[in-house]
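Colleague: Provided herewith: final25.cif, mmCIF, C-alpha atoms (C1' of nucleotides).
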data_query
#
loop_
_atom_site.group_PDB
_atom_site.id
_atom_site.type_symbol
_atom_site.label_atom_id
_atom_site.label_comp_id
_atom_site.auth_asym_id
_atom_site.auth_seq_id
_atom_site.Cartn_x
_atom_site.Cartn_y
_atom_site.Cartn_z
ATOM 1 C CA MET A 1 21.118 -7.862 9.617
ATOM 2 C CA PRO A 2 22.766 -11.052 10.392
ATOM 3 C CA GLU A 3 20.606 -13.992 9.483
ATOM 4 C CA LEU A 4 21.939 -17.173 7.953
ATOM 5 C CA PRO A 5 23.002 -15.759 4.553
ATOM 6 C CA GLU A 6 24.758 -12.771 6.081
ATOM 7 C CA VAL A 7 26.506 -14.927 8.650
ATOM 8 C CA GLU A 8 27.582 -17.302 5.887
ATOM 9 C CA THR A 9 28.983 -14.401 3.876
ATOM 10 C CA VAL A 10 30.771 -12.909 6.884
ATOM 11 C CA MET A 11 32.255 -16.310 7.620
ATOM 12 C CA ARG A 12 33.562 -16.687 4.074
ATOM 13 C CA GLY A 13 35.119 -13.258 4.281
ATOM 14 C CA LEU A 14 36.809 -14.114 7.547
ATOM 15 C CA ALA A 15 38.056 -17.382 6.116
ATOM 16 C CA ALA A 16 39.519 -15.660 3.069
ATOM 17 C CA ARG A 17 41.550 -13.334 5.257
ATOM 18 C CA LEU A 18 42.307 -15.406 8.346
ATOM 19 C CA GLN A 19 42.560 -19.047 7.396
ATOM 20 C CA GLY A 20 46.126 -20.262 7.839
ATOM 21 C CA ARG A 21 47.234 -17.037 9.510
ATOM 22 C CA VAL A 22 48.719 -16.632 12.970
ATOM 23 C CA ILE A 23 47.117 -14.096 15.298
ATOM 24 C CA ARG A 24 49.939 -11.903 16.546
ATOM 25 C CA ARG A 25 47.872 -9.635 18.739
ATOM 26 C CA ALA A 26 44.411 -9.778 20.239
ATOM 27 C CA GLU A 27 42.895 -6.780 21.956
ATOM 28 C CA VAL A 28 39.707 -7.032 23.967
ATOM 29 C CA ARG A 29 38.432 -3.576 24.787
ATOM 30 C CA ARG A 30 35.073 -4.496 26.220
ATOM 31 C CA ALA A 31 34.121 -7.984 27.331
ATOM 32 C CA ASP A 32 30.575 -7.527 28.638
ATOM 33 C CA LEU A 33 28.406 -8.233 25.648
ATOM 34 C CA ARG A 34 25.446 -10.629 25.771
ATOM 35 C CA TRP A 35 27.562 -12.620 28.161
ATOM 36 C CA SER A 36 31.026 -11.925 29.434
ATOM 37 C CA PHE A 37 33.788 -13.221 27.220
ATOM 38 C CA PRO A 38 35.615 -16.215 28.701
ATOM 39 C CA GLN A 39 38.564 -15.522 30.953
ATOM 40 C CA GLY A 40 41.812 -15.513 29.074
ATOM 41 C CA LEU A 41 40.287 -15.040 25.625
ATOM 42 C CA ALA A 42 42.922 -12.595 24.435
ATOM 43 C CA ALA A 43 45.734 -14.786 25.725
ATOM 44 C CA ARG A 44 44.261 -17.842 24.044
ATOM 45 C CA LEU A 45 43.986 -16.036 20.711
ATOM 46 C CA THR A 46 47.461 -14.540 20.806
ATOM 47 C CA GLY A 47 49.881 -16.719 18.884
ATOM 48 C CA ALA A 48 47.189 -19.106 17.697
ATOM 49 C CA ARG A 49 47.018 -20.280 14.102
ATOM 50 C CA VAL A 50 43.605 -20.193 12.477
ATOM 51 C CA LEU A 51 42.883 -23.590 10.987
ATOM 52 C CA GLY A 52 39.433 -23.125 9.502
ATOM 53 C CA PHE A 53 35.864 -21.946 9.754
ATOM 54 C CA ARG A 54 32.381 -23.277 9.747
ATOM 55 C CA ARG A 55 28.903 -21.916 10.329
ATOM 56 C CA ARG A 56 26.149 -23.435 12.422
ATOM 57 C CA ALA A 57 22.832 -21.568 12.319
ATOM 58 C CA LYS A 58 23.811 -17.935 12.938
ATOM 59 C CA TYR A 59 27.009 -18.873 14.743
ATOM 60 C CA ILE A 60 30.523 -18.742 13.310
ATOM 61 C CA LEU A 61 33.088 -21.244 14.558
ATOM 62 C CA MET A 62 36.775 -20.436 14.083
ATOM 63 C CA ARG A 63 39.028 -23.416 14.692
ATOM 64 C CA LEU A 64 42.396 -22.694 16.297
ATOM 65 C CA ASP A 65 45.429 -24.903 16.669
ATOM 66 C CA GLY A 66 45.750 -26.184 20.187
ATOM 67 C CA GLY A 67 42.323 -27.776 20.342
ATOM 68 C CA ASP A 68 39.640 -25.199 20.703
ATOM 69 C CA SER A 69 37.393 -23.037 18.618
ATOM 70 C CA VAL A 70 36.052 -19.533 18.919
ATOM 71 C CA LEU A 71 32.252 -19.408 18.883
ATOM 72 C CA LEU A 72 30.979 -16.069 17.594
ATOM 73 C CA HIS A 73 27.465 -14.676 17.330
ATOM 74 C CA LEU A 74 26.818 -11.263 15.794
ATOM 75 C CA GLY A 75 23.572 -10.618 17.638
ATOM 76 C CA MET A 76 21.451 -7.839 16.168
ATOM 77 C CA SER A 77 24.092 -5.293 15.350
ATOM 78 C CA GLY A 78 27.389 -7.162 15.142
ATOM 79 C CA ARG A 79 29.734 -6.441 12.225
ATOM 80 C CA MET A 80 33.201 -7.532 11.225
ATOM 81 C CA LEU A 81 35.675 -5.074 9.737
ATOM 82 C CA ILE A 82 38.900 -5.689 7.876
ATOM 83 C CA ARG A 83 41.679 -3.191 7.400
ATOM 84 C CA LEU A 84 45.403 -3.042 6.944
ATOM 85 C CA ARG A 85 47.185 -2.789 10.279
ATOM 86 C CA GLY A 86 47.095 0.768 11.507
ATOM 87 C CA ALA A 87 45.030 2.016 8.573
ATOM 88 C CA ASN A 88 42.295 3.477 10.800
ATOM 89 C CA ASP A 89 41.550 4.167 14.413
ATOM 90 C CA PRO A 90 39.225 1.670 16.053
ATOM 91 C CA MET A 91 35.570 2.252 15.239
ATOM 92 C CA PRO A 92 33.097 3.154 17.973
ATOM 93 C CA HIS A 93 31.953 -0.028 19.729
ATOM 94 C CA GLU A 94 34.833 -2.046 18.321
ATOM 95 C CA HIS A 95 35.119 -4.456 21.207
ATOM 96 C CA VAL A 96 37.700 -6.866 19.817
ATOM 97 C CA ALA A 97 40.536 -6.442 17.326
ATOM 98 C CA LEU A 98 42.888 -9.116 15.989
ATOM 99 C CA THR A 99 46.113 -8.542 14.117
ATOM 100 C CA THR A 100 47.476 -11.228 11.812
ATOM 101 C CA ASP A 101 51.030 -12.188 10.986
ATOM 102 C CA ASP A 102 50.549 -10.785 7.480
ATOM 103 C CA GLY A 103 49.579 -7.343 8.631
ATOM 104 C CA TRP A 104 45.783 -7.239 8.667
ATOM 105 C CA GLU A 105 43.420 -6.246 11.410
ATOM 106 C CA VAL A 106 40.005 -7.749 11.974
ATOM 107 C CA GLY A 107 37.604 -5.842 14.203
ATOM 108 C CA PHE A 108 34.369 -6.912 15.844
ATOM 109 C CA VAL A 109 31.931 -4.017 16.176
ATOM 110 C CA ASP A 110 28.655 -4.422 18.052
ATOM 111 C CA PRO A 111 26.841 -1.316 19.337
ATOM 112 C CA ARG A 112 23.896 -3.080 20.906
ATOM 113 C CA ARG A 113 26.107 -5.729 22.481
ATOM 114 C CA PHE A 114 23.719 -8.601 21.866
ATOM 115 C CA GLY A 115 26.560 -10.513 20.263
ATOM 116 C CA SER A 116 28.687 -13.083 22.029
ATOM 117 C CA ILE A 117 32.046 -14.808 21.921
ATOM 118 C CA ASP A 118 33.005 -18.016 23.669
ATOM 119 C CA LEU A 119 35.605 -20.761 23.473
ATOM 120 C CA VAL A 120 34.629 -24.391 22.931
ATOM 121 C CA PRO A 121 36.675 -27.570 22.490
ATOM 122 C CA THR A 122 36.925 -28.239 18.756
ATOM 123 C CA ALA A 123 36.216 -31.915 19.294
ATOM 124 C CA ASP A 124 32.844 -31.079 20.827
ATOM 125 C CA GLU A 125 31.746 -27.869 19.140
ATOM 126 C CA ASP A 126 28.155 -28.977 18.807
ATOM 127 C CA GLY A 127 28.019 -29.864 22.462
ATOM 128 C CA HIS A 128 28.244 -26.196 23.419
ATOM 129 C CA ARG A 129 25.143 -25.109 25.294
ATOM 130 C CA LEU A 130 24.283 -22.572 22.606
ATOM 131 C CA LEU A 131 24.460 -25.130 19.796
ATOM 132 C CA ALA A 132 23.168 -28.236 21.502
ATOM 133 C CA GLY A 133 19.473 -27.499 21.110
ATOM 134 C CA LEU A 134 19.498 -26.157 17.572
ATOM 135 C CA GLY A 135 17.272 -27.648 14.912
ATOM 136 C CA PRO A 136 18.419 -28.749 11.453
ATOM 137 C CA GLU A 137 20.282 -26.547 8.999
ATOM 138 C CA PRO A 138 17.718 -25.416 6.435
ATOM 139 C CA LEU A 139 20.118 -25.948 3.524
ATOM 140 C CA ASP A 140 20.983 -29.515 4.494
ATOM 141 C CA ARG A 141 19.582 -32.265 2.323
ATOM 142 C CA ALA A 142 18.213 -33.737 5.520
ATOM 143 C CA PHE A 143 15.923 -30.737 5.952
ATOM 144 C CA THR A 144 12.896 -31.916 4.021
ATOM 145 C CA ALA A 145 9.183 -31.170 3.974
ATOM 146 C CA LYS A 146 8.661 -34.340 5.932
ATOM 147 C CA VAL A 147 11.166 -33.365 8.618
ATOM 148 C CA LEU A 148 9.655 -29.919 9.010
ATOM 149 C CA ALA A 149 6.142 -31.313 9.120
ATOM 150 C CA ALA A 150 7.171 -33.620 11.935
ATOM 151 C CA ALA A 151 8.722 -30.735 13.873
ATOM 152 C CA LEU A 152 5.566 -28.644 13.450
ATOM 153 C CA ALA A 153 3.058 -31.395 14.122
ATOM 154 C CA GLY A 154 0.453 -30.419 16.678
ATOM 155 C CA ARG A 155 1.829 -26.929 17.193
ATOM 156 C CA ARG A 156 -0.806 -24.269 17.404
ATOM 157 C CA THR A 157 1.536 -21.303 17.252
ATOM 158 C CA PRO A 158 1.550 -19.247 14.041
ATOM 159 C CA ILE A 159 3.946 -20.576 11.404
ATOM 160 C CA LYS A 160 5.748 -17.231 11.482
ATOM 161 C CA ALA A 161 6.688 -17.715 15.119
ATOM 162 C CA ALA A 162 7.532 -21.389 14.644
ATOM 163 C CA LEU A 163 10.031 -20.643 11.876
ATOM 164 C CA LEU A 164 11.782 -18.120 14.111
ATOM 165 C CA ASP A 165 12.217 -20.834 16.731
ATOM 166 C CA GLN A 166 15.795 -22.019 16.261
ATOM 167 C CA ARG A 167 14.932 -25.416 17.720
ATOM 168 C CA ILE A 168 12.649 -26.127 14.775
ATOM 169 C CA VAL A 169 14.955 -24.914 12.040
ATOM 170 C CA ALA A 170 18.182 -23.058 12.700
ATOM 171 C CA GLY A 171 19.300 -19.894 10.979
ATOM 172 C CA LEU A 172 16.153 -18.150 9.800
ATOM 173 C CA GLY A 173 15.376 -14.684 11.124
ATOM 174 C CA ASN A 174 12.587 -12.197 10.693
ATOM 175 C CA ILE A 175 13.461 -11.162 7.151
ATOM 176 C CA TYR A 176 13.883 -14.564 5.564
ATOM 177 C CA VAL A 177 10.845 -15.988 7.310
ATOM 178 C CA CYS A 178 8.731 -13.199 5.825
ATOM 179 C CA GLU A 179 10.281 -13.691 2.411
ATOM 180 C CA ALA A 180 9.900 -17.463 2.385
ATOM 181 C CA LEU A 181 6.265 -17.362 3.510
ATOM 182 C CA TYR A 182 5.489 -14.816 0.826
ATOM 183 C CA ARG A 183 7.128 -16.871 -1.887
ATOM 184 C CA ALA A 184 5.299 -19.977 -0.712
ATOM 185 C CA GLY A 185 1.970 -18.151 -0.534
ATOM 186 C CA ILE A 186 1.387 -19.114 3.086
ATOM 187 C CA ALA A 187 -0.264 -16.776 5.571
ATOM 188 C CA PRO A 188 2.038 -15.958 8.481
ATOM 189 C CA SER A 189 -0.835 -16.535 10.887
ATOM 190 C CA ARG A 190 -1.491 -20.059 9.645
ATOM 191 C CA LEU A 191 -1.230 -22.608 12.453
ATOM 192 C CA ALA A 192 2.201 -24.212 12.356
ATOM 193 C CA GLY A 193 0.831 -27.722 12.502
ATOM 194 C CA GLU A 194 -1.331 -27.084 9.436
ATOM 195 C CA THR A 195 1.356 -25.675 7.192
ATOM 196 C CA PRO A 196 1.841 -27.126 3.712
ATOM 197 C CA THR A 197 5.520 -27.859 4.183
ATOM 198 C CA ARG A 198 5.964 -29.311 0.694
ATOM 199 C CA ARG A 199 5.400 -25.835 -0.657
ATOM 200 C CA LEU A 200 7.310 -24.055 2.083
ATOM 201 C CA VAL A 201 10.579 -25.963 2.345
ATOM 202 C CA PRO A 202 11.732 -25.427 -1.253
ATOM 203 C CA GLU A 203 11.029 -21.700 -0.889
ATOM 204 C CA ILE A 204 13.021 -21.511 2.339
ATOM 205 C CA LYS A 205 15.976 -23.095 0.602
ATOM 206 C CA ALA A 206 15.671 -20.966 -2.528
ATOM 207 C CA THR A 207 15.352 -17.750 -0.523
ATOM 208 C CA LEU A 208 18.485 -18.509 1.468
ATOM 209 C CA LEU A 209 20.505 -19.711 -1.504
ATOM 210 C CA GLU A 210 19.673 -16.647 -3.546
ATOM 211 C CA ALA A 211 20.695 -14.378 -0.696
ATOM 212 C CA ILE A 212 23.986 -16.194 -0.183
ATOM 213 C CA GLU A 213 24.646 -15.922 -3.896
ATOM 214 C CA ALA A 214 23.859 -12.208 -3.810
ATOM 215 C CA GLY A 215 26.343 -11.805 -0.984
ATOM 216 C CA GLY A 216 29.062 -13.676 -2.800
ATOM 217 C CA SER A 217 28.613 -11.982 -6.123
ATOM 218 C CA SER A 218 28.229 -8.436 -4.884
ATOM 219 C CA LEU A 219 31.398 -8.328 -2.788
ATOM 220 C CA ARG A 220 34.961 -8.798 -3.839
ATOM 221 C CA ASP A 221 36.225 -11.521 -1.520
ATOM 222 C CA TYR A 222 33.189 -10.716 0.627
ATOM 223 C CA VAL A 223 34.646 -7.352 1.634
ATOM 224 C CA GLN A 224 33.090 -4.010 0.838
ATOM 225 C CA PRO A 225 35.306 -1.049 -0.005
ATOM 226 C CA ASP A 226 34.933 0.303 3.543
ATOM 227 C CA GLY A 227 36.270 -2.938 4.961
ATOM 228 C CA GLU A 228 32.950 -4.243 6.179
ATOM 229 C CA LEU A 229 32.537 -7.971 5.771
ATOM 230 C CA GLY A 230 29.522 -9.743 4.513
ATOM 231 C CA TYR A 231 26.730 -7.194 4.386
ATOM 232 C CA PHE A 232 25.183 -6.745 1.000
ATOM 233 C CA GLN A 233 22.324 -5.049 -0.746
ATOM 234 C CA HIS A 234 19.379 -7.252 -1.277
ATOM 235 C CA ALA A 235 15.982 -6.551 -2.761
ATOM 236 C CA TRP A 236 13.352 -7.840 -0.375
ATOM 237 C CA ARG A 237 10.029 -8.771 -1.888
ATOM 238 C CA VAL A 238 7.958 -7.937 1.182
ATOM 239 C CA TYR A 239 10.238 -7.185 4.123
ATOM 240 C CA GLY A 240 10.156 -3.489 5.003
ATOM 241 C CA ARG A 241 7.754 -2.727 2.152
ATOM 242 C CA GLU A 242 4.552 -1.942 4.065
ATOM 243 C CA GLY A 243 2.102 -0.064 1.859
ATOM 244 C CA GLU A 244 4.083 -0.666 -1.310
ATOM 245 C CA PRO A 245 2.660 -2.747 -4.156
ATOM 246 C CA CYS A 246 2.898 -6.528 -4.071
ATOM 247 C CA ARG A 247 5.135 -7.448 -6.969
ATOM 248 C CA LYS A 248 2.988 -10.391 -8.028
ATOM 249 C CA CYS A 249 -0.463 -8.796 -7.799
ATOM 250 C CA PRO A 250 -2.316 -6.238 -9.884
ATOM 251 C CA GLY A 251 -2.675 -2.907 -8.071
ATOM 252 C CA PRO A 252 -5.741 -1.610 -6.242
ATOM 253 C CA PRO A 253 -8.535 -2.326 -5.892
ATOM 254 C CA ILE A 254 -7.603 -5.973 -6.458
ATOM 255 C CA CYS A 255 -4.604 -5.974 -4.129
ATOM 256 C CA THR A 256 -3.905 -3.268 -1.603
ATOM 257 C CA GLY A 257 -0.226 -4.111 -1.398
ATOM 258 C CA VAL A 258 2.168 -5.302 1.258
ATOM 259 C CA ALA A 259 0.725 -5.276 4.773
ATOM 260 C CA ARG A 260 2.371 -5.401 8.171
ATOM 261 C CA LEU A 261 1.225 -7.052 11.342
ATOM 262 C CA VAL A 262 2.902 -7.691 14.663
ATOM 263 C CA GLN A 263 3.315 -11.275 15.814
ATOM 264 C CA SER A 264 4.915 -12.012 19.162
ATOM 265 C CA GLY A 265 6.293 -8.528 19.186
ATOM 266 C CA ARG A 266 7.903 -8.609 15.763
ATOM 267 C CA SER A 267 6.878 -7.133 12.447
ATOM 268 C CA THR A 268 5.591 -9.471 9.781
ATOM 269 C CA PHE A 269 5.300 -8.292 6.197
ATOM 270 C CA TYR A 270 3.027 -10.160 3.797
ATOM 271 C CA CYS A 271 0.562 -9.932 0.929
ATOM 272 C CA PRO A 272 -2.964 -10.426 2.305
ATOM 273 C CA ARG A 273 -4.227 -11.489 -1.118
ATOM 274 C CA LEU A 274 -1.640 -14.144 -1.976
ATOM 275 C CA GLN A 275 -0.915 -15.534 1.456
ATOM 276 C CA ALA A 276 -3.934 -17.490 2.585
ATOM 277 C "C1'" DC B 277 4.788 -28.213 28.018
ATOM 278 C "C1'" DA B 278 3.620 -24.448 24.966
ATOM 279 C "C1'" DA B 279 2.999 -19.683 23.796
ATOM 280 C "C1'" DG B 280 3.672 -14.947 24.403
ATOM 281 C "C1'" DA B 281 5.849 -11.024 26.852
ATOM 282 C "C1'" DA B 282 9.719 -8.871 28.793
ATOM 283 C "C1'" DT B 283 14.427 -8.204 28.538
ATOM 284 C "C1'" DC B 284 19.329 -6.984 27.414
ATOM 285 C "C1'" DC B 285 21.611 -2.268 24.678
ATOM 286 C "C1'" DT B 286 22.334 1.585 21.406
ATOM 287 C "C1'" DG B 287 21.398 3.901 17.096
ATOM 288 C "C1'" DT B 288 18.294 5.804 13.741
ATOM 289 C "C1'" DC B 289 14.442 7.846 11.909
ATOM 290 C "C1'" DA B 290 9.698 9.897 11.650
ATOM 291 C "C1'" DG B 291 6.912 13.301 13.482
ATOM 292 C "C1'" DC B 292 6.017 17.390 16.020
ATOM 293 C "C1'" DT C 293 17.301 22.264 15.233
ATOM 294 C "C1'" DG C 294 15.870 19.547 19.145
ATOM 295 C "C1'" DC C 295 13.113 16.531 21.499
ATOM 296 C "C1'" DT C 296 10.304 12.189 21.949
ATOM 297 C "C1'" DG C 297 8.784 7.810 20.940
ATOM 298 C "C1'" DA C 298 8.745 3.862 18.011
ATOM 299 C "C1'" DC C 299 11.399 0.542 16.155
ATOM 300 C "C1'" DA C 300 15.448 -2.450 14.674
ATOM 301 C "C1'" DG C 301 17.776 -8.101 11.476
ATOM 302 C "C1'" DG C 302 18.326 -12.109 18.142
ATOM 303 C "C1'" DA C 303 17.591 -15.268 21.588
ATOM 304 C "C1'" DT C 304 17.236 -16.144 26.425
ATOM 305 C "C1'" DT C 305 14.434 -15.960 30.486
ATOM 306 C "C1'" DC C 306 10.328 -15.116 32.805
ATOM 307 C "C1'" DT C 307 5.054 -15.411 33.061
ATOM 308 C "C1'" DT C 308 0.809 -17.091 32.055
#
Take the structure in this file and express it as structure tokens.
Modeller:
Amino acid sequence: MPELPEVETVMRGLAARLQGRVIRRAEVRRADLRWSFPQGLAARLTGARVLGFRRRAKYILMRLDGGDSVLLHLGMSGRMLIRLRGANDPMPHEHVALTTDDGWEVGFVDPRRFGSIDLVPTADEDGHRLLAGLGPEPLDRAFTAKVLAAALAGRRTPIKAALLDQRIVAGLGNIYVCEALYRAGIAPSRLAGETPTRRLVPEIKATLLEAIEAGGSSLRDYVQPDGELGYFQHAWRVYGREGEPCRKCPGPPICTGVARLVQSGRSTFYCPRLQA
DNA sequence: CAAGAATCCTGTCAGC
DNA sequence: TGCTGACAGGATTCTT
């Protein structure tokens, strides 16, 4: 479930294990994911020192010595695994595996193959075609109610769909959009241009921050015992809870509980009583 | 231009 | 148990 908080937590886990290390071996078993990996990826990784990490939207950037960075997206089903060298056989759908100079292996598993990997010059990371059009980071100070209102002005699409548009704000996905709208008490079908952003923006930030905190506090060094990086248990307030009671409302007949509707092909969960 | 649908791929789960 | 269909956290590309 990689949305911004999960990607952030995966990135921190990768940084804890890889930063400063030299990649001794890079194995690419399958290169045709969302797009084909760049030619020479394995060769470029082999022998490289990992200088640092950053996240942009749902992308992870891993800076290498020698002037370029690895751009990684987990897609829908991408996961990163960490294990001691030789501790296990490769998992099914483990398309890439790196071995470090201190004896660890990092695997990239992605059954649905919607993920992607590319190389980009470090000096121009944000110029990459996948990053160039992205909207603001929701946790930046610069992302304010005013900024969001300007981006939504005149738009007649539902606010739910607008918040999933990475050009408007970058990093939200289906879960956190549902959660933020619920917390802000805004109907997902409300026209984007008529959204009370002063109520919404603080809830977007709080929702994301709480999830990142949950990821950090529930994992030792961001790694679960099975070696999986960055995925954590989280109690959603509405997401996936169709038919269950709304946690803020009295029960029936006053509130019938969490409802689900489909907007542009994706499930939206919300409380019909609180989200007007 | 904007909005919605179709699309890529595989795994899982509910229902019969 | 086995089959079928619906659905899944993303984001691009194609239609309308």
Colleague: Please identify all residues of chain C having at least one atom at most 12 Å from any atom of chain A, considering all atoms listed in the file, and return them as a PDB file with C-alpha atoms (C1' of nucleotides), keeping the file's coordinate frame.
Modeller:
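Written out: iface-v2.pdb:
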ATOM      1  C1'  DC C 299      11.399   0.542  16.155  1.00  0.00           C
ATOM      2  C1'  DA C 300      15.448  -2.450  14.674  1.00  0.00           C
ATOM      3  C1'  DG C 301      17.776  -8.101  11.476  1.00  0.00           C
ATOM      4  C1'  DG C 302      18.326 -12.109  18.142  1.00  0.00           C
ATOM      5  C1'  DA C 303      17.591 -15.268  21.588  1.00  0.00           C
ATOM      6  C1'  DT C 304      17.236 -16.144  26.425  1.00  0.00           C
TER       7       DT C 304
END
Colleague: Give as an NGL selection string the residues that the PyMOL selection byres ((chain B) within 7 of (chain A)) matches when applied to the coordinates above.
Modeller: :B and (279-280 or 285-286)
Colleague: Give me, please, the distance in Å between atom CA of A:Gly230 and atom CA of A:Asp68, quoted to one decimal.
Modeller: 24.6 Å
Colleague: Between atom CA of A:Gly215 and atom CA of A:Arg247, measure the distance and give it in Å to one decimal.
Modeller: 22.5 Å
Colleague: Can you work out the spacing between atom CA of A:Val7 and atom CA of A:Val201 in Å, to one decimal?
Modeller: 20.4 Å
Colleague: For the PyMOL selection byres ((chain C and resi 297) around 12), applied here, can you spell out every residue it catches as a list in words?
Modeller: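 When the PyMOL selection byres ((chain C and resi 297) around 12) is applied, the selected residues are DC289, DA290, DG291 and DC292 of chain B; DC295, DT296, DA298 and DC299 of chain C.
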Colleague: Write the residues of the selection above to a file with C-alpha atoms (C1' of nucleotides), as a compact mmCIF listing (two decimals), in the coordinates of the input.
Modeller:
# COMPACT_ATOMS: atom_id res chain seq x y z
C1' DC B 289 14.44 7.85 11.91
C1' DA B 290 9.70 9.90 11.65
C1' DG B 291 6.91 13.30 13.48
C1' DC B 292 6.02 17.39 16.02
C1' DC C 295 13.11 16.53 21.50
C1' DT C 296 10.30 12.19 21.95
C1' DA C 298 8.74 3.86 18.01
C1' DC C 299 11.40 0.54 16.16
